[in-house]
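Heads up, data24.cif below (mmCIF, C-alpha atoms):
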data_my_file
loop_
_atom_site.group_PDB
_atom_site.id
_atom_site.type_symbol
_atom_site.label_atom_id
_atom_site.label_comp_id
_atom_site.auth_asym_id
_atom_site.auth_seq_id
_atom_site.Cartn_x
_atom_site.Cartn_y
_atom_site.Cartn_z
ATOM 1 C CA PRO A 1 -7.287 -1.571 -5.818
ATOM 2 C CA GLY A 2 -7.431 -5.229 -6.397
ATOM 3 C CA VAL A 3 -5.868 -8.650 -6.467
ATOM 4 C CA GLY A 4 -7.008 -11.227 -8.973
ATOM 5 C CA ALA A 5 -7.130 -12.045 -12.656
ATOM 6 C CA PHE A 6 -7.512 -9.362 -15.341
ATOM 7 C CA GLY A 7 -10.464 -10.965 -17.153
ATOM 8 C CA ASP A 8 -12.399 -11.468 -13.922
ATOM 9 C CA GLY A 9 -11.607 -7.913 -12.825
ATOM 10 C CA MET A 10 -12.921 -6.408 -16.062
ATOM 11 C CA ALA A 11 -15.986 -8.678 -15.958
ATOM 12 C CA ALA A 12 -16.749 -7.463 -12.426
ATOM 13 C CA LEU A 13 -16.395 -3.808 -13.488
ATOM 14 C CA ARG A 14 -18.779 -4.379 -16.402
ATOM 15 C CA GLU A 15 -21.294 -6.382 -14.308
ATOM 16 C CA LYS A 16 -21.386 -3.651 -11.658
ATOM 17 C CA GLY A 17 -21.747 -0.967 -14.319
ATOM 18 C CA LEU A 18 -18.438 0.688 -13.419
ATOM 19 C CA ALA A 19 -16.335 0.418 -16.590
ATOM 20 C CA GLU A 20 -18.071 3.199 -18.526
ATOM 21 C CA PRO A 21 -18.344 5.591 -15.543
ATOM 22 C CA LEU A 22 -14.585 5.147 -14.952
ATOM 23 C CA ARG A 23 -13.872 5.928 -18.613
ATOM 24 C CA ARG A 24 -16.174 8.977 -18.502
ATOM 25 C CA ALA A 25 -14.599 10.224 -15.275
ATOM 26 C CA ALA A 26 -11.109 9.917 -16.756
ATOM 27 C CA ALA A 27 -12.243 11.710 -19.942
ATOM 28 C CA ALA A 28 -13.674 14.511 -17.766
ATOM 29 C CA GLY A 29 -10.310 14.971 -16.030
ATOM 30 C CA THR A 30 -11.050 13.243 -12.737
ATOM 31 C CA PRO A 31 -7.832 11.808 -11.272
ATOM 32 C CA LEU A 32 -7.953 8.003 -11.108
ATOM 33 C CA LEU A 33 -5.518 5.782 -9.207
ATOM 34 C CA GLY A 34 -5.366 2.065 -9.997
ATOM 35 C CA ILE A 35 -3.545 -0.165 -7.508
ATOM 36 C CA CYS A 36 -2.064 -3.587 -8.373
ATOM 37 C CA LEU A 37 -4.636 -5.279 -10.633
ATOM 38 C CA GLY A 38 -6.316 -1.866 -10.775
ATOM 39 C CA MET A 39 -3.236 -0.475 -12.531
ATOM 40 C CA GLN A 40 -3.288 -3.303 -15.059
ATOM 41 C CA LEU A 41 -6.997 -2.725 -15.753
ATOM 42 C CA LEU A 42 -6.130 0.827 -16.863
ATOM 43 C CA ALA A 43 -4.346 -0.639 -19.914
ATOM 44 C CA GLU A 44 -5.923 -1.432 -23.272
ATOM 45 C CA GLU A 45 -5.632 -5.191 -22.874
ATOM 46 C CA SER A 46 -4.053 -8.125 -21.078
ATOM 47 C CA GLU A 47 -2.705 -11.506 -22.122
ATOM 48 C CA GLU A 48 -3.531 -13.099 -18.756
ATOM 49 C CA HIS A 49 -5.506 -16.346 -19.347
ATOM 50 C CA GLY A 50 -6.254 -15.293 -22.934
ATOM 51 C CA ARG A 51 -6.740 -11.867 -24.430
ATOM 52 C CA HIS A 52 -8.973 -9.419 -22.521
ATOM 53 C CA GLN A 53 -9.892 -5.814 -23.192
ATOM 54 C CA GLY A 54 -9.110 -3.327 -20.417
ATOM 55 C CA LEU A 55 -10.353 0.169 -19.673
ATOM 56 C CA GLY A 56 -8.089 1.640 -22.356
ATOM 57 C CA LEU A 57 -6.989 4.609 -20.238
ATOM 58 C CA ILE A 58 -3.271 3.823 -20.686
ATOM 59 C CA ALA A 59 -1.870 2.893 -24.083
ATOM 60 C CA GLY A 60 -0.332 -0.504 -23.476
ATOM 61 C CA ARG A 61 -0.966 -4.040 -22.345
ATOM 62 C CA ALA A 62 -0.497 -6.243 -19.304
ATOM 63 C CA VAL A 63 1.997 -9.027 -20.046
ATOM 64 C CA ARG A 64 3.466 -11.850 -17.979
ATOM 65 C CA LEU A 65 6.634 -11.178 -16.011
ATOM 66 C CA THR A 66 9.619 -13.105 -17.309
ATOM 67 C CA ALA A 67 12.084 -14.461 -14.755
ATOM 68 C CA ASP A 68 15.095 -15.695 -16.706
ATOM 69 C CA GLN A 69 17.873 -14.704 -14.309
ATOM 70 C CA PRO A 70 18.829 -16.423 -11.049
ATOM 71 C CA GLY A 71 17.122 -15.034 -7.974
ATOM 72 C CA PHE A 72 13.909 -13.980 -9.755
ATOM 73 C CA ARG A 73 10.625 -15.859 -9.813
ATOM 74 C CA VAL A 74 7.031 -15.369 -10.818
ATOM 75 C CA PRO A 75 4.937 -14.329 -9.026
ATOM 76 C CA ASN A 76 7.103 -11.465 -7.822
ATOM 77 C CA MET A 77 6.303 -11.227 -4.121
ATOM 78 C CA GLY A 78 8.023 -9.022 -1.603
ATOM 79 C CA TRP A 79 9.836 -5.733 -1.293
ATOM 80 C CA CYS A 80 11.357 -4.143 -4.400
ATOM 81 C CA ASP A 81 13.300 -0.915 -4.771
ATOM 82 C CA VAL A 82 11.301 1.552 -6.857
ATOM 83 C CA ALA A 83 13.099 4.211 -8.886
ATOM 84 C CA ALA A 84 11.172 7.195 -10.248
ATOM 85 C CA THR A 85 11.754 7.809 -13.952
ATOM 86 C CA ARG A 86 10.727 11.474 -13.684
ATOM 87 C CA PRO A 87 9.191 13.858 -11.157
ATOM 88 C CA GLY A 88 5.415 13.674 -11.002
ATOM 89 C CA VAL A 89 2.428 13.487 -8.683
ATOM 90 C CA LEU A 90 3.171 10.077 -7.170
ATOM 91 C CA PHE A 91 6.945 10.656 -7.032
ATOM 92 C CA PRO A 92 7.594 14.406 -6.746
ATOM 93 C CA ASP A 93 10.904 16.084 -7.394
ATOM 94 C CA GLY A 94 13.338 15.115 -4.656
ATOM 95 C CA TYR A 95 11.930 11.596 -4.271
ATOM 96 C CA HIS A 96 14.550 9.145 -3.056
ATOM 97 C CA PRO A 97 14.284 5.504 -4.172
ATOM 98 C CA THR A 98 12.619 3.308 -1.580
ATOM 99 C CA SER A 99 11.025 -0.114 -1.337
ATOM 100 C CA PHE A 100 7.375 -0.976 -1.863
ATOM 101 C CA TYR A 101 5.575 -4.290 -1.422
ATOM 102 C CA PHE A 102 4.677 -6.199 -4.614
ATOM 103 C CA VAL A 103 2.576 -9.268 -5.393
ATOM 104 C CA HIS A 104 2.185 -9.725 -9.157
ATOM 105 C CA SER A 105 2.745 -12.029 -12.106
ATOM 106 C CA PHE A 106 1.904 -9.484 -14.824
ATOM 107 C CA HIS A 107 3.014 -5.930 -15.530
ATOM 108 C CA VAL A 108 2.006 -3.133 -17.887
ATOM 109 C CA GLU A 109 4.114 -2.442 -20.948
ATOM 110 C CA CYS A 110 3.302 1.115 -22.020
ATOM 111 C CA ARG A 111 3.394 2.107 -25.673
ATOM 112 C CA ASP A 112 4.594 5.560 -24.592
ATOM 113 C CA PRO A 113 7.616 5.310 -22.266
ATOM 114 C CA ALA A 114 6.705 8.758 -20.895
ATOM 115 C CA ASP A 115 3.685 7.146 -19.146
ATOM 116 C CA VAL A 116 6.040 5.166 -16.878
ATOM 117 C CA ALA A 117 6.516 7.090 -13.623
ATOM 118 C CA ALA A 118 8.684 4.523 -11.830
ATOM 119 C CA THR A 119 10.306 1.145 -12.411
ATOM 120 C CA ILE A 120 11.767 -1.839 -10.611
ATOM 121 C CA ASP A 121 14.593 -4.010 -11.862
ATOM 122 C CA PHE A 122 13.110 -7.433 -12.506
ATOM 123 C CA SER A 123 15.332 -10.127 -13.967
ATOM 124 C CA GLY A 124 17.737 -7.536 -15.354
ATOM 125 C CA ARG A 125 15.062 -5.397 -17.057
ATOM 126 C CA PRO A 126 13.162 -2.285 -16.007
ATOM 127 C CA VAL A 127 9.511 -3.091 -15.330
ATOM 128 C CA ALA A 128 6.860 -0.399 -14.830
ATOM 129 C CA ALA A 129 6.048 -0.033 -11.144
ATOM 130 C CA ALA A 130 3.950 3.136 -11.464
ATOM 131 C CA LEU A 131 2.223 5.044 -14.263
ATOM 132 C CA GLU A 132 1.178 8.640 -14.817
ATOM 133 C CA ALA A 133 -0.622 9.666 -17.996
ATOM 134 C CA GLY A 134 -2.487 12.934 -17.623
ATOM 135 C CA ASN A 135 -5.001 12.384 -14.828
ATOM 136 C CA VAL A 136 -4.598 8.572 -14.810
ATOM 137 C CA TYR A 137 -2.229 7.055 -12.245
ATOM 138 C CA GLY A 138 -1.265 3.509 -11.369
ATOM 139 C CA ALA A 139 0.817 1.663 -8.799
ATOM 140 C CA GLN A 140 1.677 -1.988 -9.455
ATOM 141 C CA PHE A 141 2.704 -2.378 -5.815
ATOM 142 C CA HIS A 142 0.517 -2.225 -2.720
ATOM 143 C CA PRO A 143 0.834 1.188 -1.007
ATOM 144 C CA GLU A 144 -1.450 -0.028 1.788
ATOM 145 C CA LYS A 145 1.114 -2.741 2.636
ATOM 146 C CA SER A 146 4.188 -0.572 2.068
ATOM 147 C CA GLN A 147 4.346 1.212 5.416
ATOM 148 C CA ASP A 148 5.567 4.842 5.390
ATOM 149 C CA ALA A 149 6.549 4.777 1.704
ATOM 150 C CA GLY A 150 3.054 3.675 0.731
ATOM 151 C CA LEU A 151 1.392 6.218 2.996
ATOM 152 C CA GLY A 152 3.597 8.895 1.418
ATOM 153 C CA LEU A 153 2.550 7.927 -2.091
ATOM 154 C CA LEU A 154 -1.140 7.944 -1.129
ATOM 155 C CA ALA A 155 -0.630 11.320 0.577
ATOM 156 C CA ASN A 156 0.825 12.674 -2.691
ATOM 157 C CA PHE A 157 -2.310 11.573 -4.549
ATOM 158 C CA VAL A 158 -4.604 13.033 -1.864
ATOM 159 C CA ALA A 159 -2.642 16.314 -2.049
ATOM 160 C CA LEU A 160 -3.394 16.440 -5.791
ATOM 161 C CA LEU A 161 -7.106 15.975 -5.080
ATOM 162 C CA ARG A 162 -6.992 18.791 -2.509
ATOM 163 C CA ARG A 163 -5.137 21.133 -4.894
ATOM 164 C CA GLN A 164 -7.851 20.509 -7.471
ATOM 165 C CA GLY A 165 -10.626 21.143 -4.936
ATOM 166 C CA ARG A 166 -11.882 17.563 -5.257
ATOM 167 C CA LEU A 167 -11.315 16.796 -1.582
ATOM 168 C CA ALA A 168 -11.855 18.982 1.466
ATOM 169 C CA ALA A 169 -8.846 19.705 3.645
#

What's the structure tokens form of this structure?
Amino acid sequence: PGVGAFGDGMAALREKGLAEPLRRAAAAGTPLLGICLGMQLLAEESEEHGRHQGLGLIAGRAVRLTADQPGFRVPNMGWCDVAATRPGVLFPDGYHPTSFYFVHSFHVECRDPADVAATIDFSGRPVAAALEAGNVYGAQFHPEKSQDAGLGLLANFVALLRRQGRLAA
């Protein structure tokens, strides 16, 4: 999880020696969940404060939100209705749209639309709110601040880890 700027986030991962272990873990099939800035860092690059290389685990880039309709502003802060685009780990079959808490100025544009697990409507356009690409998952919102909905999403991820034997019951 994280809040901050993309370039600083990647620099911190590199300085702490975490970027390559995260890439290796993803390549080995370990489920990874990036939250807020953590989701953006999963992408190949970002345009925030210049061009910065990301972890490259999701084909796409983090780009600035565009608020060109009345009632929308950047940063996007507050509760937004999240709609699943398909059943998956984070949003299983039978998921009913609910609100999650967001604080962001950038979002990930995926090259493969199938990697988008859920969206919000921002300024009249769908914006990726969650990603699922193989064993790599991301949530642009803050599950830890999203009450029962957030706890449910985290429980879905933990259930995956248990099914895979990566976490004791």

Q: For the structure shown, which residues end up in the PyMOL selection byres ((chain A and resi 33-46) around 10)? Put them as a count of residues only, please?
A: 59

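Atom CA of A:Asp112 is found 17.9 Å from atom CA of A:Ala83.
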
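Of the residues listed (A:Val82, A:Met77, A:Arg163, A:Val158), A:Val82 shows the shortest atom-to-atom separation from A:Pro126; distances use all atoms listed in the file.
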
Q) Smallest atom-to-atom distance to A:Arg73: which of A:Ser105, A:Leu160, A:Ala133, A:Ala128, using all atoms listed in the file? A) A:Ser105

Q: Work out how far apart atom CA of A:Arg125 and atom CA of A:Ser99 are and give it in Å to one decimal.
A: 17.1 Å

Near-A:Asp93 list (12 Å; all atoms listed in the file; drop same-chain fewer than 5 positions) as a PDB file with C-alpha atoms, in the coordinates of the input:
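Below is the file that was written, around.pdb:
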ATOM      1  CA  ALA A  84      11.172   7.195 -10.248  1.00  0.00           C
ATOM      2  CA  THR A  85      11.754   7.809 -13.952  1.00  0.00           C
ATOM      3  CA  ARG A  86      10.727  11.474 -13.684  1.00  0.00           C
ATOM      4  CA  PRO A  87       9.191  13.858 -11.157  1.00  0.00           C
ATOM      5  CA  GLY A  88       5.415  13.674 -11.002  1.00  0.00           C
ATOM      6  CA  ALA A 117       6.516   7.090 -13.623  1.00  0.00           C
ATOM      7  CA  ASN A 156       0.825  12.674  -2.691  1.00  0.00           C
TER       8      ASN A 156
END

(Q) Would you compute the distance between atom CA of A:Asp81 and atom CA of A:Asp121? Give it in Å to one decimal. (A) 7.8 Å

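For the set A:Ala26, A:Lys145, A:Arg14, A:Ala155, the residue with the smallest atom-to-atom gap to A:Gly78 is A:Lys145, counting all atoms listed in the file.
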
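Counting only C-alpha atoms and comparing A:Ala149, A:Ala114, A:Val74, A:Ala25, the residue that lies closest to A:Tyr95 is A:Ala149.
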
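Distances here use only C-alpha atoms; by that measure, the residue among A:Arg162, A:Pro113, A:Tyr101, A:Val127 closest to A:Asp148 is A:Tyr101.
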
Q. Taking (17.3, -13.3, -11.4) in the file's coordinates, which residues come within 10 Å, counting only C-alpha atoms, written as a PyMOL selection string?
A. chain A and resi 66-73+121-125

Q | A:Phe100 environment, 6 Å, all atoms listed in the file, sequence neighbours closer than 2 positions dropped, as a PyMOL selection string | A | chain A and resi 79-80+146

Completed stretch 94-118 of chain A (N, CA, C and O atoms) as an mmCIF file, in the frame of the given file:
data_model
loop_
_atom_site.group_PDB
_atom_site.id
_atom_site.type_symbol
_atom_site.label_atom_id
_atom_site.label_comp_id
_atom_site.auth_asym_id
_atom_site.auth_seq_id
_atom_site.Cartn_x
_atom_site.Cartn_y
_atom_site.Cartn_z
ATOM 1 N N GLY A 94 12.678 15.341 -5.937
ATOM 2 C CA GLY A 94 13.338 15.115 -4.656
ATOM 3 C C GLY A 94 13.031 13.753 -4.052
ATOM 4 O O GLY A 94 13.509 13.437 -2.965
ATOM 5 N N TYR A 95 12.240 12.943 -4.744
ATOM 6 C CA TYR A 95 11.930 11.596 -4.271
ATOM 7 C C TYR A 95 13.209 10.764 -4.238
ATOM 8 O O TYR A 95 14.006 10.801 -5.173
ATOM 9 N N HIS A 96 13.400 10.036 -3.178
ATOM 10 C CA HIS A 96 14.550 9.145 -3.056
ATOM 11 C C HIS A 96 14.059 7.708 -3.191
ATOM 12 O O HIS A 96 13.059 7.338 -2.579
ATOM 13 N N PRO A 97 14.729 6.889 -3.995
ATOM 14 C CA PRO A 97 14.284 5.504 -4.172
ATOM 15 C C PRO A 97 14.046 4.808 -2.830
ATOM 16 O O PRO A 97 14.807 4.986 -1.884
ATOM 17 N N THR A 98 12.972 4.058 -2.778
ATOM 18 C CA THR A 98 12.619 3.308 -1.580
ATOM 19 C C THR A 98 11.920 2.024 -1.999
ATOM 20 O O THR A 98 11.615 1.829 -3.165
ATOM 21 N N SER A 99 11.648 1.176 -1.048
ATOM 22 C CA SER A 99 11.025 -0.114 -1.337
ATOM 23 C C SER A 99 9.522 -0.068 -1.109
ATOM 24 O O SER A 99 9.040 0.583 -0.186
ATOM 25 N N PHE A 100 8.816 -0.786 -1.976
ATOM 26 C CA PHE A 100 7.375 -0.976 -1.863
ATOM 27 C C PHE A 100 7.097 -2.467 -1.958
ATOM 28 O O PHE A 100 7.895 -3.221 -2.492
ATOM 29 N N TYR A 101 5.925 -2.876 -1.458
ATOM 30 C CA TYR A 101 5.575 -4.290 -1.422
ATOM 31 C C TYR A 101 4.792 -4.689 -2.673
ATOM 32 O O TYR A 101 3.761 -4.097 -2.998
ATOM 33 N N PHE A 102 5.265 -5.715 -3.364
ATOM 34 C CA PHE A 102 4.677 -6.199 -4.614
ATOM 35 C C PHE A 102 4.146 -7.622 -4.462
ATOM 36 O O PHE A 102 4.732 -8.435 -3.750
ATOM 37 N N VAL A 103 3.081 -7.916 -5.187
ATOM 38 C CA VAL A 103 2.576 -9.268 -5.393
ATOM 39 C C VAL A 103 1.964 -9.259 -6.796
ATOM 40 O O VAL A 103 0.858 -8.763 -6.987
ATOM 41 N N HIS A 104 2.719 -9.744 -7.795
ATOM 42 C CA HIS A 104 2.185 -9.725 -9.157
ATOM 43 C C HIS A 104 2.913 -10.710 -10.055
ATOM 44 O O HIS A 104 4.068 -11.043 -9.835
ATOM 45 N N SER A 105 2.193 -11.154 -11.076
ATOM 46 C CA SER A 105 2.745 -12.029 -12.106
ATOM 47 C C SER A 105 2.732 -11.351 -13.473
ATOM 48 O O SER A 105 3.334 -11.842 -14.417
ATOM 49 N N PHE A 106 2.015 -10.232 -13.576
ATOM 50 C CA PHE A 106 1.904 -9.484 -14.824
ATOM 51 C C PHE A 106 2.314 -8.042 -14.570
ATOM 52 O O PHE A 106 2.302 -7.575 -13.427
ATOM 53 N N HIS A 107 2.654 -7.344 -15.632
ATOM 54 C CA HIS A 107 3.014 -5.930 -15.530
ATOM 55 C C HIS A 107 2.570 -5.231 -16.801
ATOM 56 O O HIS A 107 2.330 -5.865 -17.826
ATOM 57 N N VAL A 108 2.450 -3.910 -16.730
ATOM 58 C CA VAL A 108 2.006 -3.133 -17.887
ATOM 59 C C VAL A 108 3.206 -2.690 -18.702
ATOM 60 O O VAL A 108 4.146 -2.107 -18.165
ATOM 61 N N GLU A 109 3.156 -2.979 -19.984
ATOM 62 C CA GLU A 109 4.114 -2.442 -20.948
ATOM 63 C C GLU A 109 3.420 -1.292 -21.663
ATOM 64 O O GLU A 109 2.447 -1.506 -22.384
ATOM 65 N N CYS A 110 3.898 -0.078 -21.422
ATOM 66 C CA CYS A 110 3.302 1.115 -22.020
ATOM 67 C C CYS A 110 3.833 1.329 -23.426
ATOM 68 O O CYS A 110 5.021 1.141 -23.674
ATOM 69 N N ARG A 111 2.942 1.745 -24.324
ATOM 70 C CA ARG A 111 3.394 2.107 -25.673
ATOM 71 C C ARG A 111 4.216 3.384 -25.633
ATOM 72 O O ARG A 111 5.148 3.538 -26.402
ATOM 73 N N ASP A 112 3.852 4.311 -24.738
ATOM 74 C CA ASP A 112 4.594 5.560 -24.592
ATOM 75 C C ASP A 112 5.432 5.473 -23.317
ATOM 76 O O ASP A 112 4.887 5.491 -22.214
ATOM 77 N N PRO A 113 6.761 5.409 -23.455
ATOM 78 C CA PRO A 113 7.616 5.310 -22.266
ATOM 79 C C PRO A 113 7.424 6.471 -21.289
ATOM 80 O O PRO A 113 7.686 6.329 -20.098
ATOM 81 N N ALA A 114 6.928 7.607 -21.770
ATOM 82 C CA ALA A 114 6.705 8.758 -20.895
ATOM 83 C C ALA A 114 5.601 8.493 -19.869
ATOM 84 O O ALA A 114 5.510 9.194 -18.861
ATOM 85 N N ASP A 115 4.748 7.485 -20.096
ATOM 86 C CA ASP A 115 3.685 7.146 -19.146
ATOM 87 C C ASP A 115 4.218 6.400 -17.926
ATOM 88 O O ASP A 115 3.528 6.279 -16.925
ATOM 89 N N VAL A 116 5.444 5.898 -17.995
ATOM 90 C CA VAL A 116 6.040 5.166 -16.878
ATOM 91 C C VAL A 116 6.617 6.164 -15.886
ATOM 92 O O VAL A 116 7.514 6.932 -16.206
ATOM 93 N N ALA A 117 6.086 6.159 -14.665
ATOM 94 C CA ALA A 117 6.516 7.090 -13.623
ATOM 95 C C ALA A 117 7.613 6.508 -12.745
ATOM 96 O O ALA A 117 8.375 7.251 -12.128
ATOM 97 N N ALA A 118 7.674 5.178 -12.665
ATOM 98 C CA ALA A 118 8.684 4.523 -11.830
ATOM 99 C C ALA A 118 8.843 3.081 -12.295
ATOM 100 O O ALA A 118 7.929 2.505 -12.889
#
